[in-house]
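Source file: model_0.cif. Holds: mmCIF, C-alpha atoms (C1' of nucleotides).
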data_target
#
loop_
_atom_site.group_PDB
_atom_site.id
_atom_site.type_symbol
_atom_site.label_atom_id
_atom_site.label_comp_id
_atom_site.auth_asym_id
_atom_site.auth_seq_id
_atom_site.Cartn_x
_atom_site.Cartn_y
_atom_site.Cartn_z
ATOM 1 C CA MET N 28 -23.131 -13.235 4.508
ATOM 2 C CA SER N 29 -19.662 -11.843 4.976
ATOM 3 C CA LEU N 30 -16.912 -10.498 2.780
ATOM 4 C CA THR N 31 -13.261 -10.501 3.790
ATOM 5 C CA ILE N 32 -10.940 -8.074 2.030
ATOM 6 C CA THR N 33 -7.158 -8.004 2.421
ATOM 7 C CA THR N 34 -4.774 -5.355 1.149
ATOM 8 C CA TRP N 35 -1.075 -6.151 0.846
ATOM 9 C CA ASN N 36 1.880 -4.318 -0.647
ATOM 10 C CA VAL N 37 3.812 -7.393 -1.795
ATOM 11 C CA ASN N 38 6.918 -5.643 -3.160
ATOM 12 C CA SER N 39 7.085 -7.944 -6.224
ATOM 13 C CA VAL N 40 4.265 -10.447 -6.688
ATOM 14 C CA ARG N 41 6.541 -13.002 -8.331
ATOM 15 C CA LEU N 42 8.748 -13.171 -5.219
ATOM 16 C CA ARG N 43 5.771 -13.449 -2.875
ATOM 17 C CA LEU N 44 3.848 -16.455 -4.216
ATOM 18 C CA ASP N 45 4.633 -18.512 -1.093
ATOM 19 C CA GLY N 46 3.427 -15.656 1.058
ATOM 20 C CA LEU N 47 0.250 -15.369 -0.977
ATOM 21 C CA ALA N 48 -0.401 -19.095 -0.494
ATOM 22 C CA ARG N 49 0.062 -18.667 3.232
ATOM 23 C CA LEU N 50 -2.217 -15.639 3.311
ATOM 24 C CA ALA N 51 -4.845 -17.551 1.333
ATOM 25 C CA ASN N 52 -4.696 -20.475 3.770
ATOM 26 C CA GLU N 53 -4.475 -18.572 7.032
ATOM 27 C CA ILE N 54 -6.829 -15.648 6.402
ATOM 28 C CA ARG N 55 -8.904 -16.985 3.497
ATOM 29 C CA PRO N 56 -9.850 -13.559 2.142
ATOM 30 C CA ASP N 57 -12.540 -13.371 -0.523
ATOM 31 C CA VAL N 58 -10.668 -10.513 -2.164
ATOM 32 C CA ILE N 59 -6.955 -9.664 -2.055
ATOM 33 C CA CYS N 60 -5.745 -6.276 -3.270
ATOM 34 C CA LEU N 61 -2.057 -6.121 -4.112
ATOM 35 C CA GLN N 62 0.262 -3.170 -4.586
ATOM 36 C CA GLU N 63 3.801 -2.945 -5.924
ATOM 37 C CA ILE N 64 3.414 -6.089 -7.992
ATOM 38 C CA LYS N 65 6.392 -4.829 -10.046
ATOM 39 C CA VAL N 66 5.522 -6.793 -13.138
ATOM 40 C CA ALA N 67 4.088 -6.151 -16.599
ATOM 41 C CA ASN N 68 0.585 -7.498 -17.280
ATOM 42 C CA GLU N 69 1.852 -10.248 -19.589
ATOM 43 C CA LEU N 70 4.218 -11.647 -16.929
ATOM 44 C CA PHE N 71 1.685 -11.694 -14.073
ATOM 45 C CA PRO N 72 1.588 -15.177 -12.447
ATOM 46 C CA HIS N 73 -2.089 -15.833 -13.179
ATOM 47 C CA GLN N 74 -1.992 -19.626 -12.942
ATOM 48 C CA ALA N 75 -0.142 -19.873 -9.624
ATOM 49 C CA ILE N 76 -2.677 -17.508 -8.069
ATOM 50 C CA GLU N 77 -5.649 -19.237 -9.684
ATOM 51 C CA ALA N 78 -4.459 -22.435 -7.993
ATOM 52 C CA LEU N 79 -4.972 -20.688 -4.632
ATOM 53 C CA GLY N 80 -8.655 -20.229 -5.434
ATOM 54 C CA TYR N 81 -8.507 -16.716 -6.837
ATOM 55 C CA THR N 82 -9.998 -17.475 -10.221
ATOM 56 C CA HIS N 83 -10.966 -13.866 -10.921
ATOM 57 C CA GLN N 84 -8.057 -11.504 -11.396
ATOM 58 C CA ALA N 85 -7.714 -7.926 -12.553
ATOM 59 C CA VAL N 86 -4.195 -6.638 -13.171
ATOM 60 C CA HIS N 87 -2.939 -3.121 -13.783
ATOM 61 C CA GLY N 88 0.739 -3.877 -14.065
ATOM 62 C CA GLN N 89 3.901 -2.093 -15.020
ATOM 63 C CA ALA N 90 7.426 -3.407 -15.627
ATOM 64 C CA GLY N 91 9.751 -2.774 -12.716
ATOM 65 C CA TYR N 92 7.766 -0.300 -10.664
ATOM 66 C CA HIS N 93 4.399 0.089 -8.973
ATOM 67 C CA GLY N 94 1.508 -2.009 -10.307
ATOM 68 C CA VAL N 95 -1.713 -3.065 -8.593
ATOM 69 C CA ALA N 96 -3.940 -6.135 -8.858
ATOM 70 C CA VAL N 97 -7.187 -7.493 -7.434
ATOM 71 C CA LEU N 98 -7.542 -11.237 -6.799
ATOM 72 C CA SER N 99 -11.031 -12.483 -6.082
ATOM 73 C CA LYS N 100 -13.032 -15.626 -5.385
ATOM 74 C CA LEU N 101 -16.111 -13.697 -6.530
ATOM 75 C CA PRO N 102 -16.602 -12.510 -10.093
ATOM 76 C CA ILE N 103 -15.058 -9.165 -10.977
ATOM 77 C CA GLU N 104 -17.897 -7.500 -12.826
ATOM 78 C CA GLU N 105 -15.835 -4.617 -14.154
ATOM 79 C CA ALA N 106 -12.192 -3.563 -13.964
ATOM 80 C CA LEU N 107 -10.969 -0.063 -14.741
ATOM 81 C CA PRO N 108 -7.240 0.732 -14.709
ATOM 82 C CA MET N 109 -6.996 4.394 -13.717
ATOM 83 C CA HIS N 110 -4.286 7.022 -14.301
ATOM 84 C CA TRP N 111 -3.575 10.271 -12.465
ATOM 85 C CA CYS N 112 -1.479 13.430 -12.713
ATOM 86 C CA GLY N 113 -1.025 12.962 -16.449
ATOM 87 C CA LYS N 114 1.269 9.994 -15.875
ATOM 88 C CA ASP N 115 0.943 6.398 -17.040
ATOM 89 C CA ASP N 116 1.936 4.946 -13.644
ATOM 90 C CA SER N 117 -0.144 1.908 -12.630
ATOM 91 C CA ARG N 118 -1.299 2.992 -9.195
ATOM 92 C CA HIS N 119 -5.081 2.663 -9.156
ATOM 93 C CA LEU N 120 -7.344 -0.210 -10.134
ATOM 94 C CA ARG N 121 -11.071 0.252 -9.749
ATOM 95 C CA VAL N 122 -13.193 -2.897 -9.798
ATOM 96 C CA ARG N 123 -16.822 -3.817 -9.245
ATOM 97 C CA ILE N 124 -17.492 -6.922 -7.147
ATOM 98 C CA ASN N 125 -20.891 -7.982 -5.808
ATOM 99 C CA GLY N 126 -22.296 -4.638 -6.928
ATOM 100 C CA PHE N 127 -19.906 -2.486 -4.919
ATOM 101 C CA ASP N 128 -16.969 -0.389 -6.025
ATOM 102 C CA LEU N 129 -13.525 -1.318 -4.771
ATOM 103 C CA HIS N 130 -10.632 1.108 -5.258
ATOM 104 C CA ASN N 131 -7.139 -0.335 -4.919
ATOM 105 C CA PHE N 132 -4.436 2.355 -4.607
ATOM 106 C CA TYR N 133 -0.694 2.624 -4.487
ATOM 107 C CA ILE N 134 -0.154 6.268 -3.584
ATOM 108 C CA PRO N 135 3.278 7.693 -4.551
ATOM 109 C CA ALA N 136 5.810 7.263 -1.740
ATOM 110 C CA GLY N 137 7.050 10.825 -2.223
ATOM 111 C CA GLY N 138 10.831 10.493 -2.054
ATOM 112 C CA ASP N 139 12.997 11.526 0.877
ATOM 113 C CA VAL N 140 12.731 15.317 1.165
ATOM 114 C CA PRO N 141 9.331 16.687 2.258
ATOM 115 C CA ASP N 142 9.549 19.834 0.133
ATOM 116 C CA ARG N 143 8.013 20.052 -3.317
ATOM 117 C CA GLU N 144 10.484 22.762 -4.384
ATOM 118 C CA LEU N 145 13.422 20.435 -3.748
ATOM 119 C CA ASN N 146 11.800 17.092 -4.528
ATOM 120 C CA GLU N 147 9.339 16.652 -7.355
ATOM 121 C CA LYS N 148 8.294 13.237 -6.052
ATOM 122 C CA PHE N 149 6.883 14.902 -2.962
ATOM 123 C CA GLY N 150 4.979 17.342 -5.178
ATOM 124 C CA HIS N 151 3.615 14.413 -7.187
ATOM 125 C CA LYS N 152 2.392 12.752 -3.995
ATOM 126 C CA LEU N 153 0.568 15.905 -2.883
ATOM 127 C CA ASP N 154 -0.897 16.466 -6.359
ATOM 128 C CA PHE N 155 -2.012 12.839 -6.608
ATOM 129 C CA LEU N 156 -3.897 13.169 -3.315
ATOM 130 C CA ALA N 157 -5.446 16.476 -4.405
ATOM 131 C CA GLU N 158 -6.630 15.050 -7.735
ATOM 132 C CA LEU N 159 -8.241 12.080 -6.015
ATOM 133 C CA THR N 160 -9.888 14.352 -3.488
ATOM 134 C CA GLU N 161 -11.401 16.459 -6.239
ATOM 135 C CA TRP N 162 -12.559 13.373 -8.139
ATOM 136 C CA PHE N 163 -14.229 11.703 -5.155
ATOM 137 C CA GLY N 164 -15.651 15.074 -4.141
ATOM 138 C CA LYS N 165 -17.393 15.322 -7.509
ATOM 139 C CA GLY N 166 -19.300 12.119 -6.773
ATOM 140 C CA ALA N 167 -17.119 9.329 -8.158
ATOM 141 C CA VAL N 168 -18.694 7.013 -5.581
ATOM 142 C CA GLN N 169 -22.126 6.599 -7.108
ATOM 143 C CA SER N 170 -23.390 3.325 -5.722
ATOM 144 C CA GLY N 171 -23.076 4.522 -2.139
ATOM 145 C CA ARG N 172 -21.453 1.269 -1.042
ATOM 146 C CA ALA N 173 -17.747 1.403 -1.771
ATOM 147 C CA VAL N 174 -14.399 0.334 -0.346
ATOM 148 C CA LEU N 175 -11.020 2.032 -0.740
ATOM 149 C CA VAL N 176 -7.865 0.114 0.127
ATOM 150 C CA GLY N 177 -4.180 0.259 -0.467
ATOM 151 C CA ASP N 178 -0.743 1.468 0.385
ATOM 152 C CA LEU N 179 -1.577 5.123 0.907
ATOM 153 C CA ASN N 180 2.009 5.793 2.044
ATOM 154 C CA ILE N 181 0.818 8.059 4.871
ATOM 155 C CA ALA N 182 0.526 7.228 8.573
ATOM 156 C CA PRO N 183 -2.023 9.822 9.757
ATOM 157 C CA LEU N 184 -2.322 9.278 13.514
ATOM 158 C CA GLU N 185 0.264 9.704 16.247
ATOM 159 C CA THR N 186 -0.268 6.036 17.115
ATOM 160 C CA ASP N 187 0.314 5.052 13.474
ATOM 161 C CA VAL N 188 4.068 5.634 13.886
ATOM 162 C CA TRP N 189 6.707 4.523 16.370
ATOM 163 C CA SER N 190 7.547 8.133 17.245
ATOM 164 C CA HIS N 191 5.248 10.981 16.269
ATOM 165 C CA LYS N 192 7.805 13.611 17.259
ATOM 166 C CA GLN N 193 10.693 12.011 15.403
ATOM 167 C CA LEU N 194 8.690 11.492 12.237
ATOM 168 C CA LEU N 195 7.074 14.924 11.894
ATOM 169 C CA LYS N 196 9.606 15.860 9.191
ATOM 170 C CA VAL N 197 9.823 12.392 7.682
ATOM 171 C CA VAL N 198 7.880 11.746 4.472
ATOM 172 C CA SER N 199 4.771 9.664 5.329
ATOM 173 C CA HIS N 200 3.951 11.536 8.556
ATOM 174 C CA THR N 201 4.409 15.263 7.789
ATOM 175 C CA PRO N 202 1.506 17.613 8.620
ATOM 176 C CA ILE N 203 0.876 18.517 4.956
ATOM 177 C CA GLU N 204 0.559 14.837 3.995
ATOM 178 C CA VAL N 205 -1.752 14.084 6.901
ATOM 179 C CA GLU N 206 -3.846 17.114 5.962
ATOM 180 C CA ARG N 207 -4.122 15.917 2.350
ATOM 181 C CA LEU N 208 -5.005 12.392 3.452
ATOM 182 C CA ASN N 209 -7.692 13.735 5.775
ATOM 183 C CA ALA N 210 -9.090 15.822 2.911
ATOM 184 C CA LEU N 211 -9.214 12.696 0.736
ATOM 185 C CA GLN N 212 -10.995 10.829 3.511
ATOM 186 C CA ALA N 213 -13.538 13.632 3.855
ATOM 187 C CA SER N 214 -14.146 13.832 0.081
ATOM 188 C CA ALA N 215 -16.557 10.892 0.108
ATOM 189 C CA GLY N 216 -17.078 10.552 3.857
ATOM 190 C CA TRP N 217 -14.707 7.567 3.946
ATOM 191 C CA VAL N 218 -14.550 5.754 7.278
ATOM 192 C CA ASP N 219 -11.255 4.223 8.460
ATOM 193 C CA ALA N 220 -12.560 0.684 8.973
ATOM 194 C CA VAL N 221 -9.411 -0.567 10.708
ATOM 195 C CA ARG N 222 -9.501 2.202 13.330
ATOM 196 C CA LYS N 223 -13.196 1.494 13.998
ATOM 197 C CA VAL N 224 -12.101 -1.940 15.238
ATOM 198 C CA ILE N 225 -8.681 -1.092 16.691
ATOM 199 C CA PRO N 226 -9.148 2.308 18.375
ATOM 200 C CA PRO N 227 -6.596 5.124 17.926
ATOM 201 C CA ASP N 228 -5.217 4.761 21.436
ATOM 202 C CA ASN N 229 -3.606 1.487 20.306
ATOM 203 C CA ARG N 230 -0.378 1.653 18.328
ATOM 204 C CA LEU N 231 -0.764 -0.072 14.980
ATOM 205 C CA TYR N 232 1.734 -0.495 12.146
ATOM 206 C CA SER N 233 1.650 -2.253 8.769
ATOM 207 C CA TRP N 234 5.172 -1.513 7.491
ATOM 208 C CA TRP N 235 8.650 -1.990 8.933
ATOM 209 C CA SER N 236 11.823 -1.014 7.069
ATOM 210 C CA TYR N 237 14.086 -3.706 5.640
ATOM 211 C CA ARG N 238 17.016 -1.746 7.052
ATOM 212 C CA ALA N 239 16.447 -2.500 10.708
ATOM 213 C CA LYS N 240 18.706 -5.134 12.233
ATOM 214 C CA ASP N 241 15.722 -6.624 14.044
ATOM 215 C CA TRP N 242 12.464 -5.161 12.745
ATOM 216 C CA SER N 243 10.352 -6.740 15.488
ATOM 217 C CA ALA N 244 12.599 -5.851 18.425
ATOM 218 C CA SER N 245 13.073 -2.223 17.374
ATOM 219 C CA ASP N 246 9.456 -2.118 16.139
ATOM 220 C CA ARG N 247 9.919 1.170 14.316
ATOM 221 C CA GLY N 248 6.833 0.708 12.211
ATOM 222 C CA ARG N 249 4.318 2.880 10.435
ATOM 223 C CA ARG N 250 0.671 2.267 9.436
ATOM 224 C CA LEU N 251 0.838 3.033 5.726
ATOM 225 C CA ASP N 252 -1.780 0.533 4.521
ATOM 226 C CA HIS N 253 -5.443 1.317 4.928
ATOM 227 C CA ILE N 254 -8.980 0.078 4.381
ATOM 228 C CA TRP N 255 -11.731 2.665 4.165
ATOM 229 C CA VAL N 256 -15.457 2.158 3.596
ATOM 230 C CA THR N 257 -18.333 4.465 2.771
ATOM 231 C CA PRO N 258 -20.576 5.452 5.715
ATOM 232 C CA ASP N 259 -23.392 3.052 4.814
ATOM 233 C CA LEU N 260 -20.963 0.136 5.191
ATOM 234 C CA GLU N 261 -19.744 1.253 8.603
ATOM 235 C CA PRO N 262 -22.364 -0.797 10.509
ATOM 236 C CA ASP N 263 -21.154 -3.877 8.609
ATOM 237 C CA ILE N 264 -17.556 -3.727 9.875
ATOM 238 C CA GLN N 265 -17.072 -6.989 11.772
ATOM 239 C CA HIS N 266 -13.344 -7.384 12.217
ATOM 240 C CA ALA N 267 -10.010 -5.855 11.265
ATOM 241 C CA ASP N 268 -6.443 -6.967 11.721
ATOM 242 C CA VAL N 269 -2.850 -6.538 10.590
ATOM 243 C CA LEU N 270 -1.081 -9.841 9.949
ATOM 244 C CA ARG N 271 2.129 -8.747 11.652
ATOM 245 C CA ALA N 272 3.498 -12.308 11.508
ATOM 246 C CA ALA N 273 3.773 -12.005 7.726
ATOM 247 C CA ARG N 274 6.601 -9.490 8.189
ATOM 248 C CA GLY N 275 8.569 -12.343 9.780
ATOM 249 C CA TRP N 276 7.965 -14.910 7.040
ATOM 250 C CA ASP N 277 10.808 -16.074 4.797
ATOM 251 C CA ARG N 278 11.684 -13.478 2.175
ATOM 252 C CA PRO N 279 9.040 -11.078 3.473
ATOM 253 C CA SER N 280 7.560 -7.979 1.967
ATOM 254 C CA ASP N 281 8.317 -4.921 4.087
ATOM 255 C CA HIS N 282 4.523 -4.490 4.410
ATOM 256 C CA ALA N 283 2.138 -6.770 6.304
ATOM 257 C CA PRO N 284 -1.343 -7.620 4.977
ATOM 258 C CA VAL N 285 -4.274 -5.684 6.429
ATOM 259 C CA THR N 286 -7.693 -7.344 6.518
ATOM 260 C CA VAL N 287 -11.251 -6.206 7.146
ATOM 261 C CA MET N 288 -14.275 -8.469 7.400
ATOM 262 C CA LEU N 289 -17.603 -6.948 6.422
ATOM 263 C "C1'" DA Z 3 24.788 12.439 11.602
ATOM 264 C "C1'" DT Z 4 25.036 8.423 8.967
ATOM 265 C "C1'" DG Z 5 23.838 4.203 7.020
ATOM 266 C "C1'" DG Z 6 21.261 0.552 7.100
ATOM 267 C "C1'" DT Z 7 18.099 -3.532 2.902
ATOM 268 C "C1'" DT Z 8 15.402 -5.009 -0.894
ATOM 269 C "C1'" DG Z 9 13.799 -5.422 -5.796
ATOM 270 C "C1'" DC Z 10 13.817 -4.209 -10.573
ATOM 271 C "C1'" DA Z 11 14.814 -3.189 -16.353
ATOM 272 C "C1'" DC Z 12 21.806 -5.995 -13.802
ATOM 273 C "C1'" DG Z 13 22.776 -1.174 -12.338
ATOM 274 C "C1'" DG Z 14 21.335 3.053 -10.905
ATOM 275 C "C1'" DC Z 15 17.060 4.188 -8.882
ATOM 276 C "C1'" DA Z 16 13.018 3.816 -5.990
ATOM 277 C "C1'" DA Z 17 11.278 2.533 -1.721
#

Written as structure tokens, how would this file's structure read?
Amino acid sequence: MSLTITTWNVNSVRLRLDGLARLANEIRPDVICLQEIKVANELFPHQAIEALGYTHQAVHGQAGYHGVAVLSKLPIEEALPMHWCGKDDSRHLRVRINGFDLHNFYIPAGGDVPDRELNEKFGHKLDFLAELTEWFGKGAVQSGRAVLVGDLNIAPLETDVWSHKQLLKVVSHTPIEVERLNALQASAGWVDAVRKVIPPDNRLYSWWSYRAKDWSASDRGRRLDHIWVTPDLEPDIQHADVLRAARGWDRPSDHAPVTVML
DNA sequence: ATGGTTGCACGGCAA
């Protein structure tokens, strides 16, 4: 028995229905976790997605910004929209599928300036990570078997960015962010499932800016999207991949889907 | 050093 989970920052779910159909046909994930759906709950395109075989859907939407959703071929036994840092941003949806916990995150991007004194968005990003770390550290993962996915908006490894040196002061790859992400990972012993399959000596990206003239030729990417599992699931990791081709589809998201098969 | 693109609440803001 296997379970395939894909995470994808779609940058507007309503503009990415063709892409979702393609993902459903080409990868056939059992569960798809979306970020940046950019739509209120009542406007979520439930029927179009149901027609792709994802009859179970949990949505934690928001008009205009952010928003996360879980699409599943298996029943969603419980869905908990979560909130952090005293804000009502829709950035975390916790669901229970097949008896395991799945956490779908859209971590704050953090703005442009990597200094919390000058840029409160950067402070929010650091605080968000710290709150999660404390929460997971207190035993939020109870069942033992759990999966954490999403756009974590941090590329932790040198091989997760096109130029480690040139990105050290760029939000997403600064030392303080990497430190906070590593602390989050340690909080519940999370294992980076993608890097278990594709070792850290290989460059790997999941996001390329819209602003490049030729995103593929310049290939200035970053690995911002992640799939982590608890240690007891580590032996079950069968396969992992980034669907880089999706970045070249018509009207693409700036993120490519990341998939792990357990 | 600057500007480059996309998507949303149609226009400034976030990414």

Between N:Asn146, N:Gln193, N:Ser236, N:Ser245, which has the minimum distance to DG6 of chain Z (counting all atoms listed in the file)?
->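 With all atoms listed in the file as the atom set, the closest residue is N:Ser236.
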
Closest pair table for chain N residues within 6 Å of chain Z, all atoms listed in the file, as CSV:
residue,atom,partner,partner_atom,distance
N:Gly91,CA,Z:DC10,C1',4.8
N:Tyr237,CA,Z:DT7,C1',4.9
N:Arg238,CA,Z:DT7,C1',4.6

By how many Å are atom CA of Ser280 of chain N and atom CA of Ser233 of chain N apart?
->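 Separation between atom CA of Ser280 of chain N and atom CA of Ser233 of chain N: 10.7 Å.
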
Set the distance at 10 Å and use only C-alpha atoms (C1' of nucleotides): which residues neighbour segment 136-144 of chain N once local chain neighbours fewer than 6 positions away are removed? I'd like the list as a JSON list (two decimals) with C-alpha atoms (C1' of nucleotides), keeping the file's coordinate frame.
[["chain", "number", "residue", "atom", "x", "y", "z"],
["N", 150, "GLY", "CA", 4.98, 17.34, -5.18],
["N", 151, "HIS", "CA", 3.62, 14.41, -7.19],
["N", 152, "LYS", "CA", 2.39, 12.75, -4.00],
["N", 153, "LEU", "CA", 0.57, 15.90, -2.88],
["N", 178, "ASP", "CA", -0.74, 1.47, 0.38],
["N", 179, "LEU", "CA", -1.58, 5.12, 0.91],
["N", 180, "ASN", "CA", 2.01, 5.79, 2.04],
["N", 181, "ILE", "CA", 0.82, 8.06, 4.87],
["N", 196, "LYS", "CA", 9.61, 15.86, 9.19],
["N", 197, "VAL", "CA", 9.82, 12.39, 7.68],
["N", 198, "VAL", "CA", 7.88, 11.75, 4.47],
["N", 199, "SER", "CA", 4.77, 9.66, 5.33],
["N", 200, "HIS", "CA", 3.95, 11.54, 8.56],
["N", 201, "THR", "CA", 4.41, 15.26, 7.79],
["N", 203, "ILE", "CA", 0.88, 18.52, 4.96],
["N", 204, "GLU", "CA", 0.56, 14.84, 4.00],
["N", 251, "LEU", "CA", 0.84, 3.03, 5.73],
["Z", 16, "DA", "C1'", 13.02, 3.82, -5.99],
["Z", 17, "DA", "C1'", 11.28, 2.53, -1.72]]

Starting from the displayed file, determine the output of the PyMOL selection byres ((chain N and resi 61) around 7) and express the residue list as number ranges by chain.
-> N: 34-37, 59-60, 62-64, 95-97
